[in-house]
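Heads up: the structure comes next, in structure tokens.
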Amino acid sequence: MKKLLTLSAAALASSLMVAAPTAQAGYTTTKYPTLLVHGILGFKNFWGADYFYQVPSTLQADGGKVHVATVSAVGSNELRGEQLIKEMQDLKAIYGYSKFNLIGHSQGSPTSRYAAAVRPDLVASVTSVNGVNKGSRVADVVRKVAPAGTVTEAVLKTVGDGLAGFLTFVYGTPTLDQSSINALNSLTTPGLTTFNSKYPAGVPSACGEGAYSQNYTKNGVTHKVNYYSWGGVSVLTNVLDPLDAGIGLLSAAFLFSGEKNDGLVGECSQRLGKVVRSNYWNNHLDAINGFFGIVNLFETNPKTIYRAHANRLQTAGL
């Protein structure tokens, strides 16, 4: 037993340290600040745990200006998008920023895409990280199990809204509107199909790449927004990660489709604009540096991926 515990501790240490990014002054310095946008049931900081675990500090260490948005834990893409716009306006007023590089995980992607379409004067780029851009089979299955107007839906709403209320109370934003049913509808394939008909920028027609950029005209001024994405196609990535089991269970939604996925979102749905890579051996939570940094030991460290992308934005003049 003692030997087993020693080996487990060693594996955990290796998981937290392997492929750690190497500091390089100025490497992550971009023209516009980065604003990280969380997904469903997300948060900025929950009892000392960052949603984007150690990502902000990693980017800041090499010169990046980074902020983390707080939008509704559960809500529609449009509601969250409006909240994101307000956050950008507030940050602009405080710090004097002109635009932002939005990086959205999961539902943070359509949230960011909405904000870019409505207020392109505030957005330089949108990056989707394991984003739900065409819908999630998991959301589709949940919607079938809990059809509108049923007792099952009522139970789902009570549990979802209650959890969201608890999260927002703990991290200090209890006034944000929450709706688990609106969030669910927004993440289904039909929901994203409707959303994409209104806000199509960057969305590929099939499973390729979308337009790398989109020009928007607002008040007679043209604003260019660049679109990027990366994603993953692995489910169980580290035996020490206590969250892998839950992701593995959710991945059953893809059992008969044969679609590569990260446990919650299919590979094709994750693609937007210029695809950096869509087949990292990372699951949906590894994309935000997992459960306290416990990620796949045999894949590029997530913090390294974010650093490389900041440098990519720097090279693009963003």
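We label chains A, B, ... in the order they appear in the structure tokens, count residues from 1 in each chain, and number ligands from 1 in the order shown.
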When you look at Arg143 (chain A) with a cut-off of 9 Å (counting only C-alpha atoms), what residues show up, excluding the ones that are within fewer than 3 positions of it in the same chain? I need them as JSON, numbers by chain. {"A": [138, 139, 140, 146, 147, 148, 153, 184, 185, 188]}
Got a sec: who's within 10 Å of region 196-201 of chain A, counting only C-alpha atoms, leaving out chain neighbours fewer than 2 positions off, as a ChimeraX atom specification? /A:110,113-118,133-134,190-194,203-205,210-215,225-227,272-273
Given the selection you just returned, output its residues as a file containing N, CA and C atoms, formatted as a short mmCIF file (atom, residue, chain, number, x, y, z; two decimals), in the first residue's frame.
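Dumped to selection23.cif:
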```cif
data_model
loop_
_atom_site.label_atom_id
_atom_site.label_comp_id
_atom_site.auth_asym_id
_atom_site.auth_seq_id
_atom_site.Cartn_x
_atom_site.Cartn_y
_atom_site.Cartn_z
N PRO A 110 -19.94 30.58 -28.33
CA PRO A 110 -21.07 31.34 -28.89
C PRO A 110 -21.36 32.62 -28.12
N ARG A 113 -18.96 34.98 -29.67
CA ARG A 113 -19.34 35.23 -31.06
C ARG A 113 -20.50 36.22 -31.12
N TYR A 114 -21.44 36.10 -30.21
CA TYR A 114 -22.56 37.04 -30.14
C TYR A 114 -22.03 38.45 -29.85
N ALA A 115 -21.16 38.56 -28.86
CA ALA A 115 -20.63 39.87 -28.49
C ALA A 115 -19.88 40.52 -29.65
N ALA A 116 -19.14 39.71 -30.41
CA ALA A 116 -18.39 40.23 -31.54
C ALA A 116 -19.31 40.73 -32.65
N ALA A 117 -20.40 40.01 -32.87
CA ALA A 117 -21.34 40.41 -33.92
C ALA A 117 -22.10 41.67 -33.56
N VAL A 118 -22.44 41.82 -32.28
CA VAL A 118 -23.23 42.97 -31.83
C VAL A 118 -22.35 44.19 -31.58
N ASN A 133 -20.07 25.11 -31.07
CA ASN A 133 -20.41 26.01 -32.17
C ASN A 133 -21.52 25.50 -33.08
N LYS A 134 -21.77 24.19 -33.03
CA LYS A 134 -22.85 23.63 -33.83
C LYS A 134 -23.80 22.77 -33.00
N PRO A 190 -30.38 22.03 -32.66
CA PRO A 190 -31.34 22.99 -33.22
C PRO A 190 -31.10 24.41 -32.70
N GLY A 191 -30.75 24.53 -31.42
CA GLY A 191 -30.51 25.85 -30.85
C GLY A 191 -29.35 26.56 -31.51
N LEU A 192 -28.24 25.85 -31.73
CA LEU A 192 -27.07 26.46 -32.38
C LEU A 192 -27.31 26.67 -33.86
N THR A 193 -28.14 25.84 -34.48
CA THR A 193 -28.46 26.05 -35.90
C THR A 193 -29.18 27.39 -36.08
N THR A 194 -30.13 27.66 -35.19
CA THR A 194 -30.84 28.94 -35.23
C THR A 194 -29.89 30.10 -34.92
N VAL A 203 -18.14 30.18 -38.76
CA VAL A 203 -18.67 28.81 -38.68
C VAL A 203 -18.48 28.11 -40.02
N PRO A 204 -17.79 26.97 -40.04
CA PRO A 204 -17.60 26.24 -41.30
C PRO A 204 -18.90 25.59 -41.76
N SER A 205 -19.05 25.42 -43.09
CA SER A 205 -20.27 24.83 -43.61
C SER A 205 -20.32 23.33 -43.32
N GLY A 210 -13.79 27.73 -41.06
CA GLY A 210 -14.69 28.82 -41.42
C GLY A 210 -13.88 30.01 -41.90
N ALA A 211 -14.55 31.10 -42.18
CA ALA A 211 -13.86 32.32 -42.58
C ALA A 211 -12.92 32.76 -41.46
N TYR A 212 -11.70 33.13 -41.82
CA TYR A 212 -10.71 33.53 -40.83
C TYR A 212 -11.03 34.88 -40.20
N SER A 213 -11.80 35.69 -40.92
CA SER A 213 -12.15 37.01 -40.39
C SER A 213 -13.48 37.47 -40.95
N GLN A 214 -14.04 38.47 -40.30
CA GLN A 214 -15.31 39.04 -40.73
C GLN A 214 -15.26 40.54 -40.54
N ASN A 215 -15.67 41.29 -41.56
CA ASN A 215 -15.76 42.74 -41.45
C ASN A 215 -17.18 43.13 -41.07
N VAL A 225 -12.93 41.43 -37.31
CA VAL A 225 -12.79 40.48 -36.20
C VAL A 225 -12.20 39.18 -36.74
N ASN A 226 -11.13 38.70 -36.15
CA ASN A 226 -10.51 37.44 -36.55
C ASN A 226 -11.07 36.29 -35.72
N TYR A 227 -11.15 35.09 -36.35
CA TYR A 227 -11.72 33.92 -35.68
C TYR A 227 -10.73 32.75 -35.68
N LEU A 272 -13.97 26.46 -35.64
CA LEU A 272 -14.42 27.82 -35.95
C LEU A 272 -13.26 28.58 -36.56
N GLY A 273 -13.53 29.31 -37.64
CA GLY A 273 -12.50 30.16 -38.25
C GLY A 273 -11.25 29.38 -38.59
#
```
For Val74 (chain A), work out the shell of residues within 8 Å, counting only C-alpha atoms and skipping chain neighbours fewer than 4 positions away, then give it as a list of chain:residue names.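 So, after excluding close chain neighbours, the residues are A:Ile40, A:Leu41, A:Gly160, A:Asp161, A:Ala164, A:Gln178, A:Ser179, A:Ser180, A:Asn182, A:Ala183.
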For CA of Cys207 (chain A) and CA of Leu122 (chain A), determine how far apart the two atoms are, in Å to one decimal place. 28.8 Å
Just want the 7 Å neighbourhood of region 248-259 of chain A, counted on only C-alpha atoms, with same-chain residues fewer than 3 positions away dropped. Output as a PDB file with all heavy atoms, in the first residue's frame.
```pdb
ATOM      1  N   ARG A 137     -24.206  16.856 -28.699  1.00  0.00           N
ATOM      2  CA  ARG A 137     -25.066  15.670 -28.621  1.00  0.00           C
ATOM      3  C   ARG A 137     -25.509  15.420 -27.181  1.00  0.00           C
ATOM      4  O   ARG A 137     -26.584  14.878 -26.940  1.00  0.00           O
ATOM      5  CB  ARG A 137     -24.330  14.450 -29.166  1.00  0.00           C
ATOM      6  CG  ARG A 137     -24.156  14.458 -30.674  1.00  0.00           C
ATOM      7  CD  ARG A 137     -23.510  13.173 -31.167  1.00  0.00           C
ATOM      8  NE  ARG A 137     -23.288  13.201 -32.602  1.00  0.00           N
ATOM      9  CZ  ARG A 137     -24.188  12.869 -33.515  1.00  0.00           C
ATOM     10  NH1 ARG A 137     -25.383  12.448 -33.124  1.00  0.00           N
ATOM     11  NH2 ARG A 137     -23.905  12.929 -34.802  1.00  0.00           N
ATOM     12  N   VAL A 138     -24.684  15.811 -26.234  1.00  0.00           N
ATOM     13  CA  VAL A 138     -25.061  15.651 -24.835  1.00  0.00           C
ATOM     14  C   VAL A 138     -26.300  16.491 -24.536  1.00  0.00           C
ATOM     15  O   VAL A 138     -27.255  16.023 -23.912  1.00  0.00           O
ATOM     16  CB  VAL A 138     -23.903  16.045 -23.896  1.00  0.00           C
ATOM     17  CG1 VAL A 138     -24.353  16.014 -22.444  1.00  0.00           C
ATOM     18  CG2 VAL A 138     -22.708  15.111 -24.102  1.00  0.00           C
ATOM     19  N   VAL A 141     -29.375  14.912 -26.116  1.00  0.00           N
ATOM     20  CA  VAL A 141     -29.885  13.764 -25.361  1.00  0.00           C
ATOM     21  C   VAL A 141     -30.650  14.225 -24.121  1.00  0.00           C
ATOM     22  O   VAL A 141     -31.732  13.724 -23.816  1.00  0.00           O
ATOM     23  CB  VAL A 141     -28.731  12.821 -24.954  1.00  0.00           C
ATOM     24  CG1 VAL A 141     -29.216  11.778 -23.963  1.00  0.00           C
ATOM     25  CG2 VAL A 141     -28.141  12.143 -26.188  1.00  0.00           C
ATOM     26  N   VAL A 235     -11.360  11.448 -24.216  1.00  0.00           N
ATOM     27  CA  VAL A 235     -12.321  11.483 -23.106  1.00  0.00           C
ATOM     28  C   VAL A 235     -11.642  11.186 -21.772  1.00  0.00           C
ATOM     29  O   VAL A 235     -11.601  12.023 -20.876  1.00  0.00           O
ATOM     30  CB  VAL A 235     -13.484  10.500 -23.353  1.00  0.00           C
ATOM     31  CG1 VAL A 235     -14.438  10.501 -22.166  1.00  0.00           C
ATOM     32  CG2 VAL A 235     -14.229  10.874 -24.636  1.00  0.00           C
ATOM     33  N   LEU A 236     -11.083  10.000 -21.637  1.00  0.00           N
ATOM     34  CA  LEU A 236     -10.400   9.600 -20.405  1.00  0.00           C
ATOM     35  C   LEU A 236      -8.907   9.847 -20.596  1.00  0.00           C
ATOM     36  O   LEU A 236      -8.246   9.131 -21.352  1.00  0.00           O
ATOM     37  CB  LEU A 236     -10.680   8.129 -20.104  1.00  0.00           C
ATOM     38  CG  LEU A 236     -12.164   7.755 -20.020  1.00  0.00           C
ATOM     39  CD1 LEU A 236     -12.315   6.255 -19.806  1.00  0.00           C
ATOM     40  CD2 LEU A 236     -12.854   8.536 -18.917  1.00  0.00           C
ATOM     41  N   ASP A 244     -12.804  12.722 -14.742  1.00  0.00           N
ATOM     42  CA  ASP A 244     -12.816  11.944 -15.981  1.00  0.00           C
ATOM     43  C   ASP A 244     -13.988  10.965 -16.050  1.00  0.00           C
ATOM     44  O   ASP A 244     -14.557  10.735 -17.115  1.00  0.00           O
ATOM     45  CB  ASP A 244     -11.497  11.181 -16.140  1.00  0.00           C
ATOM     46  CG  ASP A 244     -10.448  11.979 -16.907  1.00  0.00           C
ATOM     47  OD1 ASP A 244     -10.595  13.219 -16.971  1.00  0.00           O
ATOM     48  OD2 ASP A 244      -9.496  11.373 -17.424  1.00  0.00           O
ATOM     49  N   ALA A 245     -14.340  10.383 -14.905  1.00  0.00           N
ATOM     50  CA  ALA A 245     -15.435   9.406 -14.882  1.00  0.00           C
ATOM     51  C   ALA A 245     -16.741  10.040 -15.344  1.00  0.00           C
ATOM     52  O   ALA A 245     -17.492   9.453 -16.133  1.00  0.00           O
ATOM     53  CB  ALA A 245     -15.588   8.825 -13.484  1.00  0.00           C
ATOM     54  N   GLY A 263     -15.857  14.349 -24.987  1.00  0.00           N
ATOM     55  CA  GLY A 263     -16.727  13.923 -23.898  1.00  0.00           C
ATOM     56  C   GLY A 263     -18.019  14.691 -23.843  1.00  0.00           C
ATOM     57  O   GLY A 263     -19.044  14.165 -23.407  1.00  0.00           O
ATOM     58  N   LEU A 264     -18.010  15.941 -24.305  1.00  0.00           N
ATOM     59  CA  LEU A 264     -19.213  16.768 -24.308  1.00  0.00           C
ATOM     60  C   LEU A 264     -19.537  17.354 -25.678  1.00  0.00           C
ATOM     61  O   LEU A 264     -20.705  17.592 -25.994  1.00  0.00           O
ATOM     62  CB  LEU A 264     -19.100  17.917 -23.294  1.00  0.00           C
ATOM     63  CG  LEU A 264     -19.454  17.580 -21.845  1.00  0.00           C
ATOM     64  CD1 LEU A 264     -18.278  16.880 -21.180  1.00  0.00           C
ATOM     65  CD2 LEU A 264     -19.808  18.826 -21.064  1.00  0.00           C
ATOM     66  N   GLY A 266     -18.626  17.343 -29.996  1.00  0.00           N
ATOM     67  CA  GLY A 266     -18.010  16.673 -31.134  1.00  0.00           C
ATOM     68  C   GLY A 266     -16.930  17.530 -31.780  1.00  0.00           C
ATOM     69  O   GLY A 266     -16.943  18.759 -31.684  1.00  0.00           O
TER      70      GLY A 266
END
```
With only C-alpha atoms as the basis for distance, which of A:Glu267, A:Asp50, A:Asp90, A:Asp177 is at the shortest distance from Ala73 (chain A)?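 Distance minimum relative to Ala73 (chain A) lands on A:Asp177.
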Give the alpha helix (DSSP H) residues of region 16-170 of chain A, as DSSP finds them on the backbone, and put them as a PyMOL selection string. chain A and resi 16-17+55-61+77-95+108-118+137-145+151-170
Take the residues from that selection and put them in a file with C-alpha atoms, as a PDB file, in the first residue's frame.
```pdb
ATOM      1  CA  LEU A  16       1.216  18.821 -12.632  1.00  0.00           C
ATOM      2  CA  MET A  17       4.743  19.495 -13.876  1.00  0.00           C
ATOM      3  CA  VAL A  55      -3.968  30.168 -17.447  1.00  0.00           C
ATOM      4  CA  PRO A  56      -4.237  33.897 -16.573  1.00  0.00           C
ATOM      5  CA  SER A  57      -1.048  33.851 -14.488  1.00  0.00           C
ATOM      6  CA  THR A  58       0.773  31.885 -17.203  1.00  0.00           C
ATOM      7  CA  LEU A  59      -0.071  34.501 -19.825  1.00  0.00           C
ATOM      8  CA  GLN A  60       0.638  37.394 -17.483  1.00  0.00           C
ATOM      9  CA  ALA A  61       4.073  35.998 -16.591  1.00  0.00           C
ATOM     10  CA  ASN A  77     -25.908  32.653 -25.587  1.00  0.00           C
ATOM     11  CA  GLU A  78     -27.540  36.029 -26.129  1.00  0.00           C
ATOM     12  CA  LEU A  79     -28.006  36.791 -22.433  1.00  0.00           C
ATOM     13  CA  ARG A  80     -24.425  35.848 -21.655  1.00  0.00           C
ATOM     14  CA  GLY A  81     -23.265  37.801 -24.703  1.00  0.00           C
ATOM     15  CA  GLU A  82     -24.951  40.970 -23.474  1.00  0.00           C
ATOM     16  CA  GLN A  83     -23.328  40.502 -20.062  1.00  0.00           C
ATOM     17  CA  LEU A  84     -19.959  40.065 -21.776  1.00  0.00           C
ATOM     18  CA  ILE A  85     -20.479  43.286 -23.699  1.00  0.00           C
ATOM     19  CA  LYS A  86     -21.167  45.122 -20.460  1.00  0.00           C
ATOM     20  CA  GLU A  87     -18.014  43.654 -18.932  1.00  0.00           C
ATOM     21  CA  MET A  88     -15.958  44.859 -21.901  1.00  0.00           C
ATOM     22  CA  GLN A  89     -17.471  48.311 -21.563  1.00  0.00           C
ATOM     23  CA  ASP A  90     -16.621  48.377 -17.856  1.00  0.00           C
ATOM     24  CA  LEU A  91     -13.025  47.251 -18.450  1.00  0.00           C
ATOM     25  CA  LYS A  92     -12.669  49.814 -21.212  1.00  0.00           C
ATOM     26  CA  ALA A  93     -13.849  52.577 -18.873  1.00  0.00           C
ATOM     27  CA  ILE A  94     -11.468  51.486 -16.113  1.00  0.00           C
ATOM     28  CA  TYR A  95      -8.330  50.692 -18.085  1.00  0.00           C
ATOM     29  CA  GLY A 108     -18.036  30.768 -23.942  1.00  0.00           C
ATOM     30  CA  SER A 109     -17.528  30.457 -27.691  1.00  0.00           C
ATOM     31  CA  PRO A 110     -21.071  31.337 -28.886  1.00  0.00           C
ATOM     32  CA  THR A 111     -21.194  33.872 -26.042  1.00  0.00           C
ATOM     33  CA  SER A 112     -18.116  35.576 -27.493  1.00  0.00           C
ATOM     34  CA  ARG A 113     -19.344  35.232 -31.059  1.00  0.00           C
ATOM     35  CA  TYR A 114     -22.556  37.044 -30.143  1.00  0.00           C
ATOM     36  CA  ALA A 115     -20.628  39.874 -28.486  1.00  0.00           C
ATOM     37  CA  ALA A 116     -18.388  40.232 -31.542  1.00  0.00           C
ATOM     38  CA  ALA A 117     -21.338  40.408 -33.925  1.00  0.00           C
ATOM     39  CA  VAL A 118     -23.228  42.966 -31.827  1.00  0.00           C
ATOM     40  CA  ARG A 137     -25.066  15.670 -28.621  1.00  0.00           C
ATOM     41  CA  VAL A 138     -25.061  15.651 -24.835  1.00  0.00           C
ATOM     42  CA  ALA A 139     -27.462  18.614 -24.791  1.00  0.00           C
ATOM     43  CA  ASP A 140     -29.572  16.909 -27.477  1.00  0.00           C
ATOM     44  CA  VAL A 141     -29.885  13.764 -25.361  1.00  0.00           C
ATOM     45  CA  VAL A 142     -30.756  15.724 -22.224  1.00  0.00           C
ATOM     46  CA  ARG A 143     -33.443  17.596 -24.166  1.00  0.00           C
ATOM     47  CA  LYS A 144     -34.941  14.302 -25.344  1.00  0.00           C
ATOM     48  CA  VAL A 145     -34.945  12.929 -21.810  1.00  0.00           C
ATOM     49  CA  VAL A 151     -41.915  16.847 -14.863  1.00  0.00           C
ATOM     50  CA  THR A 152     -38.398  15.804 -15.872  1.00  0.00           C
ATOM     51  CA  GLU A 153     -37.768  19.267 -17.283  1.00  0.00           C
ATOM     52  CA  ALA A 154     -39.095  20.857 -14.091  1.00  0.00           C
ATOM     53  CA  VAL A 155     -36.705  18.759 -11.998  1.00  0.00           C
ATOM     54  CA  LEU A 156     -33.807  19.625 -14.313  1.00  0.00           C
ATOM     55  CA  LYS A 157     -34.649  23.311 -14.017  1.00  0.00           C
ATOM     56  CA  THR A 158     -34.812  23.175 -10.225  1.00  0.00           C
ATOM     57  CA  VAL A 159     -31.496  21.374  -9.917  1.00  0.00           C
ATOM     58  CA  GLY A 160     -29.715  23.427 -12.596  1.00  0.00           C
ATOM     59  CA  ASP A 161     -30.924  26.808 -11.386  1.00  0.00           C
ATOM     60  CA  GLY A 162     -30.200  25.840  -7.789  1.00  0.00           C
ATOM     61  CA  LEU A 163     -26.619  24.855  -8.580  1.00  0.00           C
ATOM     62  CA  ALA A 164     -26.098  28.027 -10.584  1.00  0.00           C
ATOM     63  CA  GLY A 165     -27.531  30.101  -7.747  1.00  0.00           C
ATOM     64  CA  PHE A 166     -25.147  28.472  -5.287  1.00  0.00           C
ATOM     65  CA  LEU A 167     -22.153  29.066  -7.562  1.00  0.00           C
ATOM     66  CA  THR A 168     -22.977  32.723  -8.137  1.00  0.00           C
ATOM     67  CA  PHE A 169     -23.665  33.299  -4.433  1.00  0.00           C
ATOM     68  CA  VAL A 170     -20.271  31.868  -3.501  1.00  0.00           C
TER      69      VAL A 170
END
```
As a PDB file with N, CA, C and O atoms, in the first residue's frame, please: the residues near Asp262 (chain A) (cut-off 7 Å, only C-alpha atoms, same-chain neighbours under 6 positions excluded).
```
ATOM      1  N   GLY A 232     -10.410  19.202 -28.760  1.00  0.00           N
ATOM      2  CA  GLY A 232      -9.868  17.907 -28.388  1.00  0.00           C
ATOM      3  C   GLY A 232     -10.775  16.757 -28.752  1.00  0.00           C
ATOM      4  O   GLY A 232     -11.975  16.938 -28.975  1.00  0.00           O
ATOM      5  N   VAL A 233     -10.190  15.546 -28.779  1.00  0.00           N
ATOM      6  CA  VAL A 233     -10.963  14.366 -29.174  1.00  0.00           C
ATOM      7  C   VAL A 233     -10.685  13.175 -28.254  1.00  0.00           C
ATOM      8  O   VAL A 233     -10.791  12.021 -28.660  1.00  0.00           O
ATOM      9  N   SER A 234     -10.339  13.449 -27.008  1.00  0.00           N
ATOM     10  CA  SER A 234     -10.094  12.380 -26.061  1.00  0.00           C
ATOM     11  C   SER A 234     -11.036  12.541 -24.866  1.00  0.00           C
ATOM     12  O   SER A 234     -11.450  13.655 -24.549  1.00  0.00           O
ATOM     13  N   VAL A 235     -11.360  11.448 -24.216  1.00  0.00           N
ATOM     14  CA  VAL A 235     -12.321  11.483 -23.106  1.00  0.00           C
ATOM     15  C   VAL A 235     -11.642  11.186 -21.772  1.00  0.00           C
ATOM     16  O   VAL A 235     -11.601  12.023 -20.876  1.00  0.00           O
ATOM     17  N   ASN A 282      -7.018  15.787 -25.512  1.00  0.00           N
ATOM     18  CA  ASN A 282      -7.516  16.423 -24.297  1.00  0.00           C
ATOM     19  C   ASN A 282      -9.026  16.299 -24.264  1.00  0.00           C
ATOM     20  O   ASN A 282      -9.675  16.279 -25.314  1.00  0.00           O
ATOM     21  N   ASN A 283      -9.598  16.236 -23.075  1.00  0.00           N
ATOM     22  CA  ASN A 283     -11.052  16.226 -22.980  1.00  0.00           C
ATOM     23  C   ASN A 283     -11.568  17.647 -22.707  1.00  0.00           C
ATOM     24  O   ASN A 283     -10.792  18.604 -22.706  1.00  0.00           O
ATOM     25  N   HIS A 284     -12.860  17.739 -22.477  1.00  0.00           N
ATOM     26  CA  HIS A 284     -13.499  19.051 -22.389  1.00  0.00           C
ATOM     27  C   HIS A 284     -12.942  19.909 -21.254  1.00  0.00           C
ATOM     28  O   HIS A 284     -12.836  21.129 -21.393  1.00  0.00           O
TER      29      HIS A 284
END
```
Would you please extract all strand (DSSP E) residues from region 86-138 of chain A, as assigned by DSSP on the backbone, and give them as an MDAnalysis selection string? chainID A and resid 100:105 123:129
